[in-house]
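J.: Take a look at coords29.txt, compact mmCIF, C-alpha atoms and all ligand atoms:
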# COMPACT_ATOMS: atom_id res chain seq x y z
CA MET A 1 3.12 -34.26 0.46
CA SER A 2 5.02 -31.46 2.16
CA LYS A 3 3.64 -29.98 5.34
CA ASP A 4 1.63 -26.74 5.35
CA VAL A 5 3.57 -23.67 6.48
CA TYR A 6 1.82 -21.29 8.89
CA ILE A 7 3.10 -17.76 9.42
CA LEU A 8 2.02 -15.43 12.21
CA ALA A 9 2.43 -11.94 10.74
CA ILE A 10 2.56 -8.58 12.50
CA GLU A 11 2.26 -5.09 10.97
CA SER A 12 2.53 -1.78 12.86
CA SER A 13 4.38 0.59 10.50
CA CYS A 14 1.84 3.42 10.53
CA ASP A 15 -1.63 3.73 12.03
CA GLU A 16 -2.96 0.17 11.78
CA THR A 17 -2.18 -2.43 14.44
CA ALA A 18 -2.54 -5.71 12.57
CA ALA A 19 -1.90 -9.43 12.94
CA ALA A 20 -2.73 -12.35 10.65
CA VAL A 21 -2.22 -16.07 10.23
CA VAL A 22 -1.39 -17.09 6.66
CA CYS A 23 -1.00 -20.64 5.34
CA ASN A 24 1.43 -21.34 2.48
CA GLY A 25 1.63 -17.65 1.58
CA ARG A 26 -1.77 -17.55 -0.11
CA THR A 27 -4.49 -18.70 2.30
CA VAL A 28 -5.54 -16.18 4.92
CA CYS A 29 -6.68 -18.01 8.09
CA SER A 30 -7.28 -14.73 9.94
CA ASN A 31 -6.66 -11.03 9.33
CA ILE A 32 -7.23 -8.72 12.29
CA ILE A 33 -6.82 -4.97 11.86
CA PHE A 34 -7.23 -2.35 14.56
CA SER A 35 -7.43 0.97 12.69
CA GLN A 36 -6.40 4.11 14.58
CA ILE A 37 -8.01 6.43 12.02
CA GLU A 38 -10.60 7.79 14.47
CA LEU A 39 -7.82 8.88 16.85
CA HIS A 40 -5.71 10.65 14.22
CA LYS A 41 -8.67 12.25 12.42
CA LEU A 42 -8.79 14.92 15.12
CA TYR A 43 -5.33 16.12 14.03
CA GLY A 44 -5.82 15.81 10.25
CA GLY A 45 -3.08 13.19 9.90
CA VAL A 46 -1.10 10.51 11.74
CA VAL A 47 0.55 11.69 14.98
CA PRO A 48 3.56 9.35 15.43
CA GLU A 49 3.66 9.42 19.26
CA ILE A 50 -0.05 8.61 19.53
CA ALA A 51 0.35 5.81 16.96
CA SER A 52 3.16 4.14 18.97
CA ARG A 53 1.22 4.31 22.22
CA LYS A 54 -1.89 2.82 20.65
CA HIS A 55 0.15 0.03 19.03
CA ILE A 56 1.51 -0.92 22.47
CA GLU A 57 -2.03 -1.06 23.85
CA LYS A 58 -3.48 -3.07 20.97
CA ILE A 59 -0.76 -5.40 19.75
CA ASN A 60 -1.31 -8.24 22.23
CA PRO A 61 -5.12 -8.37 21.87
CA VAL A 62 -4.83 -8.19 18.07
CA ILE A 63 -2.35 -11.12 17.95
CA LYS A 64 -4.48 -13.19 20.35
CA GLU A 65 -7.53 -12.53 18.17
CA ALA A 66 -5.64 -13.53 15.00
CA LEU A 67 -4.66 -16.90 16.51
CA LYS A 68 -8.14 -17.45 17.93
CA GLU A 69 -9.88 -16.69 14.64
CA ALA A 70 -7.51 -19.02 12.81
CA GLY A 71 -8.29 -21.72 15.42
CA LEU A 72 -4.56 -22.23 15.96
CA HIS A 73 -1.96 -21.82 18.70
CA LEU A 74 1.42 -20.16 18.72
CA GLN A 75 3.03 -23.59 18.73
CA ASP A 76 1.34 -24.39 15.38
CA MET A 77 3.20 -21.51 13.69
CA ASP A 78 6.30 -22.19 11.59
CA ALA A 79 7.62 -18.64 11.78
CA ILE A 80 6.88 -15.10 12.94
CA ALA A 81 6.99 -12.42 10.22
CA VAL A 82 7.08 -8.72 11.01
CA THR A 83 7.29 -5.43 9.12
CA TYR A 84 10.62 -3.78 10.07
CA GLY A 85 10.55 -0.87 7.58
CA PRO A 86 9.87 1.53 6.03
CA GLY A 87 7.51 3.45 8.29
CA LEU A 88 7.35 5.46 11.51
CA VAL A 89 10.23 4.33 13.70
CA GLY A 90 8.31 4.31 17.00
CA ALA A 91 5.39 2.47 15.41
CA LEU A 92 7.63 -0.12 13.71
CA LEU A 93 9.53 -0.74 16.95
CA VAL A 94 6.39 -1.95 18.72
CA GLY A 95 5.79 -4.70 16.13
CA VAL A 96 9.48 -5.62 15.89
CA ALA A 97 9.93 -5.89 19.68
CA GLU A 98 6.75 -7.95 19.97
CA ALA A 99 7.76 -10.32 17.16
CA LYS A 100 11.22 -10.82 18.65
CA ALA A 101 9.76 -11.56 22.08
CA ILE A 102 7.31 -14.12 20.64
CA ALA A 103 9.95 -15.74 18.43
CA TYR A 104 12.34 -16.07 21.36
CA ALA A 105 9.76 -17.30 23.86
CA ALA A 106 8.17 -19.83 21.47
CA GLY A 107 11.46 -20.84 19.82
CA LYS A 108 10.23 -19.88 16.32
CA PRO A 109 12.21 -18.42 13.41
CA LEU A 110 11.85 -14.68 12.85
CA VAL A 111 11.49 -13.14 9.38
CA GLY A 112 11.71 -9.36 8.89
CA VAL A 113 9.55 -8.14 6.00
CA HIS A 114 9.75 -4.96 3.91
CA HIS A 115 6.39 -3.14 4.07
CA ILE A 116 6.26 -2.45 0.31
CA GLU A 117 7.20 -6.05 -0.54
CA GLY A 118 4.22 -6.91 1.66
CA HIS A 119 1.93 -4.63 -0.35
CA ILE A 120 3.10 -6.33 -3.56
CA ALA A 121 2.58 -9.80 -2.05
CA ALA A 122 -1.04 -8.89 -1.20
CA ASN A 123 -1.72 -9.75 -4.85
CA TYR A 124 -0.81 -13.42 -4.26
CA ILE A 125 -3.61 -13.87 -1.73
CA GLU A 126 -6.55 -13.81 -4.15
CA HIS A 127 -4.75 -14.70 -7.39
CA PRO A 128 -3.40 -18.26 -7.11
CA ASP A 129 -2.24 -18.01 -10.74
CA LEU A 130 -0.07 -14.94 -10.20
CA GLU A 131 3.65 -15.66 -10.23
CA PRO A 132 6.66 -13.45 -10.98
CA PRO A 133 7.78 -11.93 -13.25
CA PHE A 134 5.29 -9.06 -13.40
CA MET A 135 5.20 -5.29 -13.14
CA CYS A 136 3.71 -3.77 -9.99
CA LEU A 137 2.43 -0.25 -9.50
CA VAL A 138 2.78 0.47 -5.77
CA VAL A 139 0.68 3.44 -4.71
CA SER A 140 0.33 4.11 -1.00
CA GLY A 141 0.32 7.01 1.44
CA GLY A 142 4.09 7.07 1.65
CA HIS A 143 5.24 5.49 -1.64
CA THR A 144 4.69 5.60 -5.37
CA HIS A 145 6.85 3.10 -7.20
CA LEU A 146 6.82 1.13 -10.41
CA VAL A 147 8.53 -2.13 -9.53
CA LYS A 148 9.74 -5.05 -11.64
CA VAL A 149 8.92 -8.14 -9.60
CA LEU A 150 11.54 -10.49 -11.05
CA ASP A 151 11.04 -13.17 -8.39
CA TYR A 152 9.31 -13.52 -5.02
CA ASP A 153 12.36 -11.96 -3.38
CA CYS A 154 13.87 -9.98 -6.25
CA PHE A 155 12.73 -6.46 -7.08
CA GLU A 156 13.95 -3.66 -9.29
CA ILE A 157 12.57 -0.13 -9.20
CA VAL A 158 11.70 1.26 -12.63
CA GLY A 159 10.19 4.58 -11.52
CA ARG A 160 9.42 6.45 -8.33
CA THR A 161 7.92 9.74 -7.22
CA ARG A 162 10.27 12.70 -7.04
CA ASP A 163 8.16 14.42 -4.37
CA ASP A 164 4.73 13.53 -2.93
CA ALA A 165 3.38 9.99 -2.94
CA ALA A 166 0.05 9.49 -4.74
CA GLY A 167 -1.82 8.86 -1.45
CA GLU A 168 -0.21 11.92 0.11
CA ALA A 169 -1.52 14.04 -2.81
CA PHE A 170 -5.03 12.59 -2.27
CA ASP A 171 -4.83 13.40 1.45
CA LYS A 172 -3.56 16.97 0.89
CA VAL A 173 -6.12 17.83 -1.79
CA ALA A 174 -8.89 16.32 0.34
CA ARG A 175 -7.86 18.57 3.21
CA ALA A 176 -7.86 21.62 0.89
CA ILE A 177 -11.44 20.96 -0.17
CA GLY A 178 -12.52 20.26 3.40
CA LEU A 179 -12.98 16.49 3.25
CA GLY A 180 -10.84 15.51 6.26
CA TYR A 181 -8.50 12.56 6.87
CA PRO A 182 -7.86 10.09 5.27
CA GLY A 183 -8.67 11.84 2.03
CA GLY A 184 -8.28 9.05 -0.53
CA PRO A 185 -11.56 7.20 0.09
CA LYS A 186 -13.43 10.53 0.48
CA ILE A 187 -12.15 11.88 -2.85
CA ASP A 188 -12.95 8.51 -4.46
CA LYS A 189 -16.58 8.83 -3.28
CA LEU A 190 -17.14 12.53 -4.02
CA ALA A 191 -15.51 12.24 -7.47
CA ARG A 192 -18.32 9.92 -8.58
CA GLU A 193 -20.61 12.97 -8.57
CA GLY A 194 -18.17 15.18 -10.50
CA ASN A 195 -16.88 15.60 -14.05
CA PRO A 196 -13.27 14.39 -14.45
CA GLU A 197 -12.82 16.69 -17.44
CA ALA A 198 -14.25 19.83 -15.82
CA ILE A 199 -10.85 21.27 -14.88
CA ALA A 200 -7.67 20.58 -16.89
CA PHE A 201 -5.13 19.93 -14.12
CA PRO A 202 -1.53 19.27 -15.28
CA ARG A 203 -0.01 15.82 -15.94
CA ALA A 204 3.57 16.22 -14.80
CA LYS A 205 6.46 15.02 -16.94
CA VAL A 206 9.82 14.69 -15.22
CA GLU A 207 13.22 14.97 -16.83
CA GLY A 208 15.65 12.09 -16.66
CA ASN A 209 13.45 9.03 -16.14
CA GLU A 210 10.21 8.77 -18.11
CA TYR A 211 8.82 6.38 -15.49
CA ASP A 212 9.26 8.74 -12.53
CA PHE A 213 6.30 10.59 -11.08
CA SER A 214 5.73 14.03 -9.58
CA PHE A 215 2.56 15.07 -7.80
CA SER A 216 3.52 18.25 -5.96
CA GLY A 217 2.86 20.44 -9.04
CA LEU A 218 -0.61 18.96 -9.37
CA LYS A 219 -1.31 19.61 -5.71
CA SER A 220 -0.19 23.27 -6.17
CA ALA A 221 -2.38 23.57 -9.28
CA VAL A 222 -5.41 22.46 -7.25
CA LEU A 223 -4.57 24.93 -4.47
CA ASN A 224 -4.10 27.74 -7.03
CA TYR A 225 -7.43 26.89 -8.63
CA LEU A 226 -9.17 27.06 -5.22
CA ASN A 227 -7.48 30.41 -4.42
CA GLN A 228 -8.44 31.86 -7.80
CA CYS A 229 -12.06 30.85 -7.27
CA GLU A 230 -12.02 32.46 -3.83
CA MET A 231 -10.52 35.70 -5.20
CA LYS A 232 -13.04 35.86 -8.01
CA GLN A 233 -15.81 34.83 -5.62
CA ILE A 234 -16.75 31.88 -7.80
CA GLU A 235 -18.37 28.98 -5.98
CA VAL A 236 -16.18 25.85 -6.12
CA ASN A 237 -17.75 22.64 -7.36
CA ARG A 238 -15.91 20.28 -5.01
CA ALA A 239 -17.05 17.16 -6.83
CA ASP A 240 -15.56 18.48 -10.08
CA VAL A 241 -12.29 19.37 -8.32
CA ALA A 242 -12.12 15.88 -6.77
CA ALA A 243 -12.93 14.15 -10.08
CA SER A 244 -10.53 16.27 -12.16
CA PHE A 245 -7.68 15.91 -9.63
CA GLN A 246 -8.26 12.15 -9.40
CA TYR A 247 -8.27 11.88 -13.19
CA ALA A 248 -4.93 13.71 -13.41
CA VAL A 249 -3.34 11.27 -10.92
CA VAL A 250 -4.88 8.15 -12.45
CA ASP A 251 -4.01 9.20 -16.02
CA VAL A 252 -0.29 9.47 -15.24
CA LEU A 253 -0.18 6.30 -13.09
CA THR A 254 -1.89 4.31 -15.85
CA ALA A 255 0.24 5.67 -18.70
CA HIS A 256 3.54 4.93 -16.91
CA ALA A 257 2.47 1.49 -15.73
CA ILE A 258 1.23 0.34 -19.15
CA LYS A 259 4.34 1.66 -20.91
CA ALA A 260 6.66 -0.06 -18.43
CA VAL A 261 4.97 -3.47 -18.64
CA LYS A 262 4.91 -3.34 -22.44
CA GLU A 263 8.54 -2.32 -22.64
CA MET A 264 9.47 -5.42 -20.63
CA GLY A 265 7.45 -7.55 -23.03
CA TRP A 266 5.45 -8.89 -20.08
CA ASP A 267 1.69 -9.33 -19.97
CA LYS A 268 1.00 -9.00 -16.24
CA LEU A 269 0.41 -5.81 -14.29
CA ALA A 270 -0.43 -5.72 -10.59
CA VAL A 271 -1.40 -2.77 -8.39
CA ALA A 272 -0.76 -2.50 -4.66
CA GLY A 273 -1.03 -0.10 -1.70
CA GLY A 274 -3.83 2.01 -0.26
CA VAL A 275 -4.48 3.97 -3.47
CA ALA A 276 -4.95 0.66 -5.33
CA ALA A 277 -8.36 0.62 -3.59
CA ASN A 278 -9.35 3.66 -5.68
CA SER A 279 -12.33 2.73 -7.85
CA PHE A 280 -11.47 5.11 -10.71
CA LEU A 281 -7.86 3.88 -10.87
CA ARG A 282 -9.08 0.27 -11.06
CA GLU A 283 -11.59 1.10 -13.81
CA HIS A 284 -9.09 3.11 -15.82
CA LEU A 285 -6.38 0.45 -15.53
CA LYS A 286 -8.86 -2.26 -16.42
CA LYS A 287 -9.85 -0.50 -19.64
CA ALA A 288 -6.23 0.20 -20.57
CA CYS A 289 -5.18 -3.42 -19.90
CA GLU A 290 -8.10 -4.76 -21.94
CA ARG A 291 -7.07 -2.48 -24.82
CA GLU A 292 -3.46 -3.67 -24.63
CA GLY A 293 -4.20 -7.35 -24.00
CA LEU A 294 -2.62 -7.35 -20.52
CA HIS A 295 -3.74 -9.20 -17.38
CA LEU A 296 -4.52 -6.88 -14.47
CA TYR A 297 -4.29 -7.98 -10.83
CA TYR A 298 -5.37 -6.05 -7.76
CA PRO A 299 -6.16 -7.07 -4.19
CA SER A 300 -9.54 -6.58 -2.49
CA PRO A 301 -9.64 -3.17 -0.73
CA VAL A 302 -8.97 -4.77 2.69
CA PHE A 303 -5.65 -6.14 1.38
CA CYS A 304 -4.76 -2.82 -0.36
CA THR A 305 -4.58 -0.68 2.77
CA ASP A 306 -2.24 -1.71 5.58
CA ASN A 307 -2.83 -5.23 6.90
CA ALA A 308 -0.79 -8.14 8.25
CA ALA A 309 -2.01 -10.81 5.79
CA MET A 310 0.18 -9.24 3.11
CA ILE A 311 3.16 -9.43 5.50
CA GLY A 312 2.35 -13.12 6.01
CA ALA A 313 2.32 -13.67 2.24
CA ALA A 314 5.68 -11.92 1.72
CA GLY A 315 7.04 -13.53 4.90
CA TYR A 316 6.18 -17.01 3.62
CA TYR A 317 8.18 -16.59 0.39
CA ALA A 318 11.12 -15.13 2.35
CA TYR A 319 10.88 -18.00 4.86
CA ILE A 320 10.86 -20.82 2.28
CA LYS A 321 13.85 -19.20 0.57
CA GLY A 322 15.70 -19.42 3.90
CA ALA A 323 15.57 -15.77 5.00
CA ARG A 324 15.93 -15.49 8.78
CA SER A 325 16.30 -12.44 11.01
CA GLY A 326 18.27 -12.41 14.25
CA LEU A 327 17.02 -11.20 17.59
CA ASP A 328 19.00 -8.04 16.84
CA LEU A 329 16.44 -7.11 14.14
CA ASN A 330 15.82 -3.38 14.33
CA ALA A 331 13.24 -1.03 12.84
CA VAL A 332 14.56 0.70 9.70
CA PRO A 333 12.33 3.71 8.95
CA ASN A 334 13.80 4.35 5.48
CA LEU A 335 14.43 0.75 4.42
CA LYS A 336 15.02 0.50 0.65
CA ILE A 337 13.10 -2.03 -1.43
CA GLY A 338 15.01 -5.24 -2.19
CA GLU A 339 17.38 -4.68 0.78
CA ARG A 340 17.79 -7.25 3.52
O1 LIG A 401 -0.97 1.53 1.98
P1 LIG A 401 -1.59 2.43 2.96
O2 LIG A 401 -2.69 1.92 3.84
O3 LIG A 401 -0.52 3.04 3.93
C1 LIG A 401 0.80 3.30 3.53
O4 LIG A 401 1.61 2.36 3.47
O5 LIG A 401 1.05 4.52 3.25
O6 LIG A 401 -2.10 3.70 2.13
C2 LIG A 401 -2.79 4.75 2.73
C3 LIG A 401 -3.13 5.77 1.65
C4 LIG A 401 -3.72 7.05 2.19
O7 LIG A 401 -3.05 8.15 1.60
C5 LIG A 401 -5.18 6.97 1.71
O8 LIG A 401 -5.76 8.25 1.48
C6 LIG A 401 -5.03 6.20 0.42
O9 LIG A 401 -4.07 5.21 0.70
N1 LIG A 401 -6.28 5.55 0.01
C7 LIG A 401 -6.94 5.87 -1.12
C8 LIG A 401 -8.13 5.09 -1.14
N2 LIG A 401 -8.14 4.30 -0.02
C9 LIG A 401 -6.99 4.60 0.66
N3 LIG A 401 -6.65 6.73 -2.10
C10 LIG A 401 -7.52 6.85 -3.13
N4 LIG A 401 -8.67 6.16 -3.21
C11 LIG A 401 -9.02 5.26 -2.25
N5 LIG A 401 -10.17 4.58 -2.35
ZN ZN A 402 1.23 0.60 3.47
Mind turning the file's structure into structure tokens?

T.:
Amino acid sequence: MSKDVYILAIESSCDETAAAVVCNGRTVCSNIIFSQIELHKLYGGVVPEIASRKHIEKINPVIKEALKEAGLHLQDMDAIAVTYGPGLVGALLVGVAEAKAIAYAAGKPLVGVHHIEGHIAANYIEHPDLEPPFMCLVVSGGHTHLVKVLDYDCFEIVGRTRDDAAGEAFDKVARAIGLGYPGGPKIDKLAREGNPEAIAFPRAKVEGNEYDFSFSGLKSAVLNYLNQCEMKQIEVNRADVAASFQYAVVDVLTAHAIKAVKEMGWDKLAVAGGVAANSFLREHLKKACEREGLHLYYPSPVFCTDNAAMIGAAGYYAYIKGARSGLDLNAVPNLKIGER
């Protein structure tokens, strides 16, 4: 029998300082996340300089904790995996510098991981049966992509947002109705008390690629609606606004994802990224997949939002395919998917 492969994974691309130990790409031995949300809340969004400074403060304790919780030592690791893009450059650099230092000092191979490929790989953790090829809807704070996962290390983008990411739209609309940061989970909760059909917000169609998305028009429609109410001195039902906005986003995401997976003749659809934690999106996708006879995969909420376990899962498949990064690995804030 071949030996188990242990990966120490590090993630610091935005406002979570995270480290994890993952065995054979699918078993999470530990998953430590220090969330900076409380710090950034004060400013209504992530402040890059504050994020970098906090990462520096937290990265060593978080890594120590990840090894301790796994009951393993650095010497037991087969490789060090780290997110090197996309993300905030100063935040990414903290994780990359740390991973390089550990890899050099411990004499371990280094594997740079794409953050979005990590989000996709989060689906492997709790679904031992899931193997490529499948379609993945990646919906996070910075990205909205429909991706063909052709193999563990082979991706093709089918559709992408032309403007705002889905999570960004959630955050902006949440701010407009006074819910604070991060808006996604707050809209998710408030929408449960509202009527998703109360206000007919637009479902954007974009010219050129039927799989592309656009959310900035929807965001403007919500802002216009709020302004109109204010001008006419009509009291806004915030739960209805949240539910109707959420429905407009989820409707378009679901329609594009189902169409894309069917066009490929595949029967597997996965969702990934922070917005994949949205309860209405999960419900809506579940119903649509049942109707179409498709298998739906999504990670538990803790593996949807930023974490290092997903980087360990993606890092494992890169590692066993022979991917290695040099000690000249740099942070790439706008790294494209599928690039190495
Ligand atoms: O994947 P993620 O943690 O970070 C990025 O890589 O961007 O995603 C964060 C985004 C935020 O915009 C947040 O509002 C959104 O995911 N989010 C949600 C939910 N939980 C997090 N959006 C809708 N519903 C949720 N339950
Ligand atoms: Zn992310």

J.: Taking 2 positions as the minimum chain separation for residues in the same chain, which residues sit within 9 Å of Leu327 in chain A when counting only C-alpha atoms? Answer as a PyMOL selection string.

T.: chain A and resi 100-101+103-104+110+325+329-330

J.: Taking (-7.5, 4.7, 13.7) in the coordinates of the supplied file, I want to know which residues reach to within 12 Å of it, counting only C-alpha atoms; could you give the answer as a VMD selection string?

T.: chain A and resid 12 14 to 18 33 to 47 50 to 52 54 to 55 58 181 to 182 306

J.: Given the point (1.9, -6.0, -12.3) in the file's coordinates, find the residues that have an atom at most 8 Å from it, counting only C-alpha atoms, and give them as a compact mmCIF listing (two decimals) with C-alpha atoms, in the frame of the given file.

T.:
# COMPACT_ATOMS: atom_id res chain seq x y z
CA PHE A 134 5.29 -9.06 -13.40
CA MET A 135 5.20 -5.29 -13.14
CA CYS A 136 3.71 -3.77 -9.99
CA LEU A 137 2.43 -0.25 -9.50
CA LYS A 148 9.74 -5.05 -11.64
CA VAL A 149 8.92 -8.14 -9.60
CA VAL A 261 4.97 -3.47 -18.64
CA LYS A 268 1.00 -9.00 -16.24
CA LEU A 269 0.41 -5.81 -14.29
CA ALA A 270 -0.43 -5.72 -10.59
CA VAL A 271 -1.40 -2.77 -8.39
CA LEU A 296 -4.52 -6.88 -14.47
CA TYR A 297 -4.29 -7.98 -10.83

J.: Just checking: using all atoms listed in the file, which residue out of A:Val302, A:Val250, A:Ala288, A:Leu223 ends up closest to Ala166 in chain A?

T.: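 Selected residue with least distance to Ala166 in chain A: A:Val250.
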
J.: Between A:Phe213, A:Tyr124, A:Phe303, A:Tyr298, which is the closest to ligand LIG 401 (chain A) once you count only C-alpha atoms and all ligand atoms?

T.: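 So, comparing all the options, the nearest one is A:Phe303.
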
J.: For a test of reading the model, state the distance in Å between atom O6 of ligand LIG 401 (chain A) and CA of Phe215 in chain A, rounded to one decimal.

T.: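 CA of Phe215 in chain A lies at a distance of 15.8 Å from atom O6 of ligand LIG 401 (chain A).
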
J.: Within 7 Å of ligand ZN 402 (chain A), which residues show up when you count all atoms listed in the file? List them as a list in words, please.

T.: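 Here is the list of contacting residues: His115, Ile116, His119, Ser140, Gly141, Gly273, Gly274, Thr305 and Asp306 of chain A.
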
J.: Next, the residues of the selection above should be written as a short mmCIF file (atom, residue, chain, number, x, y, z; two decimals), in the coordinates of the input with C-alpha atoms.

T.:
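And here's selection_3.cif as it stands now:
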data_model
loop_
_atom_site.label_atom_id
_atom_site.label_comp_id
_atom_site.auth_asym_id
_atom_site.auth_seq_id
_atom_site.Cartn_x
_atom_site.Cartn_y
_atom_site.Cartn_z
CA HIS A 115 6.39 -3.14 4.07
CA ILE A 116 6.26 -2.45 0.31
CA HIS A 119 1.93 -4.63 -0.35
CA SER A 140 0.33 4.11 -1.00
CA GLY A 141 0.32 7.01 1.44
CA GLY A 273 -1.03 -0.10 -1.70
CA GLY A 274 -3.83 2.01 -0.26
CA THR A 305 -4.58 -0.68 2.77
CA ASP A 306 -2.24 -1.71 5.58
#

J.: Draw an axis-aligned box tight on the listed atoms of ligand LIG 401 (chain A), then pad every side by 8 Å and write out centre and edge lengths in Å to one decimal as AutoDock Vina command-line options.

T.:
--center_x -4.3 --center_y 4.9 --center_z 0.4 --size_x 27.8 --size_y 22.7 --size_z 23.1

J.: Which is closest to ligand LIG 401 (chain A) among A:Ala122, A:Val275, A:Val249, A:Ile311, if we use all atoms listed in the file?

T.: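 Of the candidates, the smallest distance to ligand LIG 401 (chain A) is held by A:Val275.
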
J.: Determine the nearest neighbour of ligand LIG 401 (chain A) from the options A:Thr27, A:Gln246, A:Gln233, A:Thr161, counting all atoms listed in the file.

T.: A:Gln246

J.: Using all atoms listed in the file, which of A:Val332, A:Ile7, A:Ile102, A:Ala165 sits nearest ligand LIG 401 (chain A)?

T.: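 Counting all atoms listed in the file, the residue closest to ligand LIG 401 (chain A) is A:Ala165.
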